[in-house]
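Report on one structure; see the data block that follows.
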Amino acid sequence: MKLECGIDKIKNAINQTEKVTGKNLTLPILSSILLIASGKSLKLRATNLSLGIEMEIPAKVEEEGIVAISGSVLANIFSNVFQNENVLIEGEDGNIVIKTKKSRIKLKGQQSDDFPTIPHVTGETFEIEAKKFIDGIKSVYYSSSVSDIKPEISSVYIYSNEDNLVFVSTDSFRLAEKKVKVKNLDEISGILIPFKNIPEILRTFGDFNGSIKVCFNKNQISFSSDNIYLTSRVIDGVFPDYRQIIPKESKTEAIMLKQDLLNGLKLSNIFSDKFNQVNLSVKPKEKIFELSSQNNDIGENKTSVDSALTGENIELGFNYKYFLDCFQSLTTDSLSIKFNQPSQPIVVSGVSDKSFTYLIMPMNR
């Protein structure tokens, strides 16, 4: 192996791929990045068996070759190389030598034959702007269950509905749904992407401006762009039929500025108990929307929020944290909160943007 490439490009590729390397004691090769020099490019490949990534960067290749190198060591080296220049990489008896203007570094290689292959996913495909896909996932993934006991809800569920790609997640205490418009979308019955793989998908394509091609089957899903190929396993399970629990109508509705409610919630949380409980009293005829919380060690608080109210009186408690999480997904300045019975879910949505819906189960008072 002998090649030359730009430091910025290889530094970025190492940072991306190193995040996917595995910490597997029985398969230590998973902690490596596989470097493949061929043609006019250098490919960097990493996997933890649940996720796999391959990035390709342009390089002047004099001698082709393959070598596996510790991902954390590579990341540490290139995070401390600041020269804006080219870097030379040369194979030497199964090891590699990295040369810059001021450094010569020799790194011990590992047996590349042991490196697992990254699956080439075949199946159904669709294309979508990366920003739309990332927006859909970011709008809902925090509502997934972090426990693997029920893998079907420790995931983000994706399916199509007419011209919408729909993203959903729930941990059974709250549920988030985001609809993203996609033209000429074929029917997608359902894909379950594991929650633990979502951060790497967001990190890999979060700043990407182009389109990505998504290919999936019952075992794997892949996301590919010009120089990035990312694969994830998918969960073989059935997501709950959540549409049954979304109330079709409401008995009480409150419309308010998002910032006003956010300020009231933050103040109430100071006095919330160990369960993050904040109580709510809505009295439309008296024009009262009041948050209250009490902590025996600190004190108590009551805060009113200016709202346009309609319907019947209602009182209930809810988890402050669950409510706060959804603010990142609300793109409008005003929001609508709808209520039915104190035992039925609270429905939160933007006033002028109906693409995002959020449900919170009340807490017992």
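Letters for chains follow the order of the structure tokens (A, B, ...), residue numbers begin at 1 for each chain, and ligand numbers begin at 1 in the order shown.
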Contacts of Glu187 (chain A) at 12 Å or less, counting only C-alpha atoms, minus same-chain residues fewer than 5 places along, as a list in words?
Glu124, Thr125, Phe126, Ile158, Tyr159, Ser160, Asn161, Glu162, Asp163, Asn164, Leu165, Val166 and Val182 of chain A
Taking only residues of region 213-290 of chain A that have an atom at most 7 Å from an atom of region 295-309 of chain A, what is each one's shortest atom pair and its distance in Å to one decimal, using only C-alpha atoms, in chain and number order, as JSON lines?
```
{"residue": "A:Glu253", "atom": "CA", "partner": "A:Leu309", "partner_atom": "CA", "distance": 5.8}
{"residue": "A:Ala254", "atom": "CA", "partner": "A:Leu309", "partner_atom": "CA", "distance": 4.7}
{"residue": "A:Ile255", "atom": "CA", "partner": "A:Ala308", "partner_atom": "CA", "distance": 5.1}
{"residue": "A:Met256", "atom": "CA", "partner": "A:Ser307", "partner_atom": "CA", "distance": 4.7}
{"residue": "A:Asp260", "atom": "CA", "partner": "A:Val305", "partner_atom": "CA", "distance": 6.4}
{"residue": "A:Leu261", "atom": "CA", "partner": "A:Val305", "partner_atom": "CA", "distance": 6.3}
{"residue": "A:Gly264", "atom": "CA", "partner": "A:Thr303", "partner_atom": "CA", "distance": 6.1}
{"residue": "A:Ser268", "atom": "CA", "partner": "A:Asn301", "partner_atom": "CA", "distance": 6.3}
{"residue": "A:Phe271", "atom": "CA", "partner": "A:Asn295", "partner_atom": "CA", "distance": 5.1}
{"residue": "A:Ser272", "atom": "CA", "partner": "A:Asn295", "partner_atom": "CA", "distance": 5.7}
{"residue": "A:Asp273", "atom": "CA", "partner": "A:Asn295", "partner_atom": "CA", "distance": 5.3}
{"residue": "A:Pro284", "atom": "CA", "partner": "A:Leu309", "partner_atom": "CA", "distance": 4.9}
{"residue": "A:Lys287", "atom": "CA", "partner": "A:Leu309", "partner_atom": "CA", "distance": 6.5}
{"residue": "A:Phe289", "atom": "CA", "partner": "A:Ser304", "partner_atom": "CA", "distance": 5.7}
{"residue": "A:Glu290", "atom": "CA", "partner": "A:Ser304", "partner_atom": "CA", "distance": 4.4}
```
Would you mind exporting the chosen residues as an mmCIF file, in the first residue's frame, restricted to N, CA and C atoms?
```
data_model
loop_
_atom_site.group_PDB
_atom_site.id
_atom_site.type_symbol
_atom_site.label_atom_id
_atom_site.label_comp_id
_atom_site.auth_asym_id
_atom_site.auth_seq_id
_atom_site.Cartn_x
_atom_site.Cartn_y
_atom_site.Cartn_z
ATOM 1 N N GLU A 253 -59.402 22.446 24.449
ATOM 2 C CA GLU A 253 -58.225 22.812 23.668
ATOM 3 C C GLU A 253 -57.642 24.120 24.198
ATOM 4 N N ALA A 254 -56.306 24.167 24.241
ATOM 5 C CA ALA A 254 -55.590 25.381 24.635
ATOM 6 C C ALA A 254 -54.596 25.731 23.543
ATOM 7 N N ILE A 255 -54.593 26.998 23.111
ATOM 8 C CA ILE A 255 -53.626 27.473 22.117
ATOM 9 C C ILE A 255 -52.802 28.580 22.760
ATOM 10 N N MET A 256 -51.480 28.491 22.642
ATOM 11 C CA MET A 256 -50.606 29.446 23.321
ATOM 12 C C MET A 256 -49.290 29.585 22.580
ATOM 13 N N ASP A 260 -43.992 30.914 25.861
ATOM 14 C CA ASP A 260 -44.687 31.158 27.128
ATOM 15 C C ASP A 260 -44.837 29.861 27.920
ATOM 16 N N LEU A 261 -45.236 28.789 27.218
ATOM 17 C CA LEU A 261 -45.393 27.506 27.898
ATOM 18 C C LEU A 261 -44.041 26.970 28.364
ATOM 19 N N GLY A 264 -43.047 28.646 31.522
ATOM 20 C CA GLY A 264 -43.847 28.149 32.642
ATOM 21 C C GLY A 264 -43.420 26.762 33.082
ATOM 22 N N SER A 268 -41.911 25.585 36.699
ATOM 23 C CA SER A 268 -42.604 24.534 37.450
ATOM 24 C C SER A 268 -41.681 23.380 37.787
ATOM 25 N N PHE A 271 -39.798 22.995 41.133
ATOM 26 C CA PHE A 271 -40.545 22.528 42.305
ATOM 27 C C PHE A 271 -41.171 21.150 42.098
ATOM 28 N N SER A 272 -40.851 20.485 40.979
ATOM 29 C CA SER A 272 -41.464 19.179 40.725
ATOM 30 C C SER A 272 -40.859 18.124 41.640
ATOM 31 N N ASP A 273 -41.558 17.000 41.795
ATOM 32 C CA ASP A 273 -41.094 15.942 42.687
ATOM 33 C C ASP A 273 -40.118 15.014 41.958
ATOM 34 N N PRO A 284 -61.605 26.854 30.979
ATOM 35 C CA PRO A 284 -61.838 27.775 29.861
ATOM 36 C C PRO A 284 -62.738 28.963 30.194
ATOM 37 N N LYS A 287 -60.852 31.424 31.938
ATOM 38 C CA LYS A 287 -59.629 31.769 31.201
ATOM 39 C C LYS A 287 -58.365 31.439 32.002
ATOM 40 N N PHE A 289 -55.263 28.735 32.585
ATOM 41 C CA PHE A 289 -54.383 27.615 32.229
ATOM 42 C C PHE A 289 -53.230 27.700 33.217
ATOM 43 N N GLU A 290 -53.258 26.845 34.225
ATOM 44 C CA GLU A 290 -52.335 27.002 35.349
ATOM 45 C C GLU A 290 -51.505 25.739 35.566
#
```
Write down as a PyMOL selection string the residues belonging to region 250-362 of chain A that are assigned helix (DSSP H, G or I) by DSSP computed on the backbone.
chain A and resi 258-270+284-286+320-329
As a PyMOL selection string, please: every residue in region 23-117 of chain A that a backbone DSSP assignment puts in strand (DSSP E or B).
chain A and resi 32-38+41-47+51-58+60-63+65-70+86-92+95-99+104-107+110
A:Asn84, A:Val73, A:Val146, A:Ala68: which is nearest Gly109 (chain A), counting only C-alpha atoms?
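Between A:Asn84, A:Val73, A:Val146, A:Ala68, the residue approaching Gly109 (chain A) most closely is A:Ala68.
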Mind running region 105-221 of chain A against region 240-243 of chain A at 10 Å and telling me each contacting residue's nearest atom pair with the distance in Å (one decimal), counting only C-alpha atoms, chain and number ascending, as a Markdown table?
```
| residue | atom | partner | partner_atom | distance |
| --- | --- | --- | --- | --- |
| A:Glu152 | CA | A:Pro240 | CA | 8.1 |
| A:Ile153 | CA | A:Pro240 | CA | 8.0 |
| A:Tyr157 | CA | A:Pro240 | CA | 9.8 |
| A:Val168 | CA | A:Tyr242 | CA | 9.0 |
| A:Ser169 | CA | A:Tyr242 | CA | 9.5 |
| A:Thr170 | CA | A:Tyr242 | CA | 8.9 |
| A:Ser172 | CA | A:Pro240 | CA | 9.7 |
| A:Leu175 | CA | A:Tyr242 | CA | 8.5 |
| A:Glu177 | CA | A:Tyr242 | CA | 9.8 |
```
Please dump the current selection as a tab-separated table (two decimals), in the first residue's frame; keep C-alpha atoms.
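File produced: result26.tsv:
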```tsv
chain	number	residue	atom	x	y	z
A	152	GLU	CA	-40.21	-3.16	18.49
A	153	ILE	CA	-40.63	0.01	20.59
A	157	TYR	CA	-40.81	3.02	12.91
A	168	VAL	CA	-43.00	7.21	14.72
A	169	SER	CA	-41.58	6.23	18.09
A	170	THR	CA	-43.01	5.46	21.50
A	172	SER	CA	-45.59	3.60	25.91
A	175	LEU	CA	-45.53	8.95	21.35
A	177	GLU	CA	-45.22	11.12	14.91
```
With the cut-off set at 7 Å and counting only C-alpha atoms, tabulate each residue of region 32-105 of chain A with an atom at most that distance from an atom of region 4-18 of chain A, showing the nearest atom pair and its distance in Å to one decimal, ordered by chain and increasing number, as JSON lines.
```
{"residue": "A:Ile33", "atom": "CA", "partner": "A:Glu18", "partner_atom": "CA", "distance": 6.9}
{"residue": "A:Arg45", "atom": "CA", "partner": "A:Thr17", "partner_atom": "CA", "distance": 6.7}
{"residue": "A:Ala46", "atom": "CA", "partner": "A:Thr17", "partner_atom": "CA", "distance": 5.7}
{"residue": "A:Ile53", "atom": "CA", "partner": "A:Thr17", "partner_atom": "CA", "distance": 6.3}
{"residue": "A:Met55", "atom": "CA", "partner": "A:Ala13", "partner_atom": "CA", "distance": 6.3}
{"residue": "A:Ile57", "atom": "CA", "partner": "A:Lys9", "partner_atom": "CA", "distance": 6.6}
{"residue": "A:Pro58", "atom": "CA", "partner": "A:Cys5", "partner_atom": "CA", "distance": 6.8}
{"residue": "A:Ala59", "atom": "CA", "partner": "A:Cys5", "partner_atom": "CA", "distance": 4.7}
{"residue": "A:Lys60", "atom": "CA", "partner": "A:Glu4", "partner_atom": "CA", "distance": 5.1}
{"residue": "A:Val61", "atom": "CA", "partner": "A:Glu4", "partner_atom": "CA", "distance": 6.6}
{"residue": "A:Gly71", "atom": "CA", "partner": "A:Glu18", "partner_atom": "CA", "distance": 5.1}
{"residue": "A:Ser72", "atom": "CA", "partner": "A:Glu18", "partner_atom": "CA", "distance": 6.5}
{"residue": "A:Ala75", "atom": "CA", "partner": "A:Ile14", "partner_atom": "CA", "distance": 6.0}
{"residue": "A:Phe78", "atom": "CA", "partner": "A:Lys11", "partner_atom": "CA", "distance": 5.8}
{"residue": "A:Asn84", "atom": "CA", "partner": "A:Ile7", "partner_atom": "CA", "distance": 6.6}
{"residue": "A:Glu85", "atom": "CA", "partner": "A:Ile7", "partner_atom": "CA", "distance": 6.1}
{"residue": "A:Asn86", "atom": "CA", "partner": "A:Gly6", "partner_atom": "CA", "distance": 4.4}
{"residue": "A:Val87", "atom": "CA", "partner": "A:Cys5", "partner_atom": "CA", "distance": 5.6}
{"residue": "A:Leu88", "atom": "CA", "partner": "A:Glu4", "partner_atom": "CA", "distance": 4.6}
{"residue": "A:Ile89", "atom": "CA", "partner": "A:Glu4", "partner_atom": "CA", "distance": 6.3}
```
Residues within 10 Å of Arg233 (chain A), please, as number ranges by chain. Count only C-alpha atoms; anything in the same chain fewer than 2 positions from it doesn't count.
A: 49-52, 119, 192-194, 197, 216-222, 231, 235-236
Using only C-alpha atoms, please write the residues we just selected to a file, as a short mmCIF file (atom, residue, chain, number, x, y, z; two decimals), in the first residue's frame.
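Heads up, here's the output in selection-v1.cif:
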```cif
data_model
loop_
_atom_site.label_atom_id
_atom_site.label_comp_id
_atom_site.auth_asym_id
_atom_site.auth_seq_id
_atom_site.Cartn_x
_atom_site.Cartn_y
_atom_site.Cartn_z
CA LEU A 49 -22.04 -6.02 13.38
CA SER A 50 -25.23 -4.00 14.01
CA LEU A 51 -24.01 -1.00 12.00
CA GLY A 52 -21.53 -0.83 9.15
CA PRO A 119 -23.56 -6.41 3.76
CA LEU A 192 -37.99 -0.67 12.40
CA ILE A 193 -34.54 0.89 12.90
CA PRO A 194 -32.98 0.11 16.33
CA ASN A 197 -28.21 2.90 15.80
CA PHE A 216 -34.09 -2.14 2.76
CA ASN A 217 -35.23 -5.70 3.27
CA LYS A 218 -36.47 -7.63 6.31
CA ASN A 219 -32.96 -7.84 7.86
CA GLN A 220 -30.99 -4.74 6.79
CA ILE A 221 -31.31 -1.15 5.65
CA SER A 222 -28.67 0.91 3.85
CA THR A 231 -25.89 -0.10 6.84
CA ILE A 235 -35.77 -5.22 13.89
CA ASP A 236 -38.02 -8.12 12.91
#
```
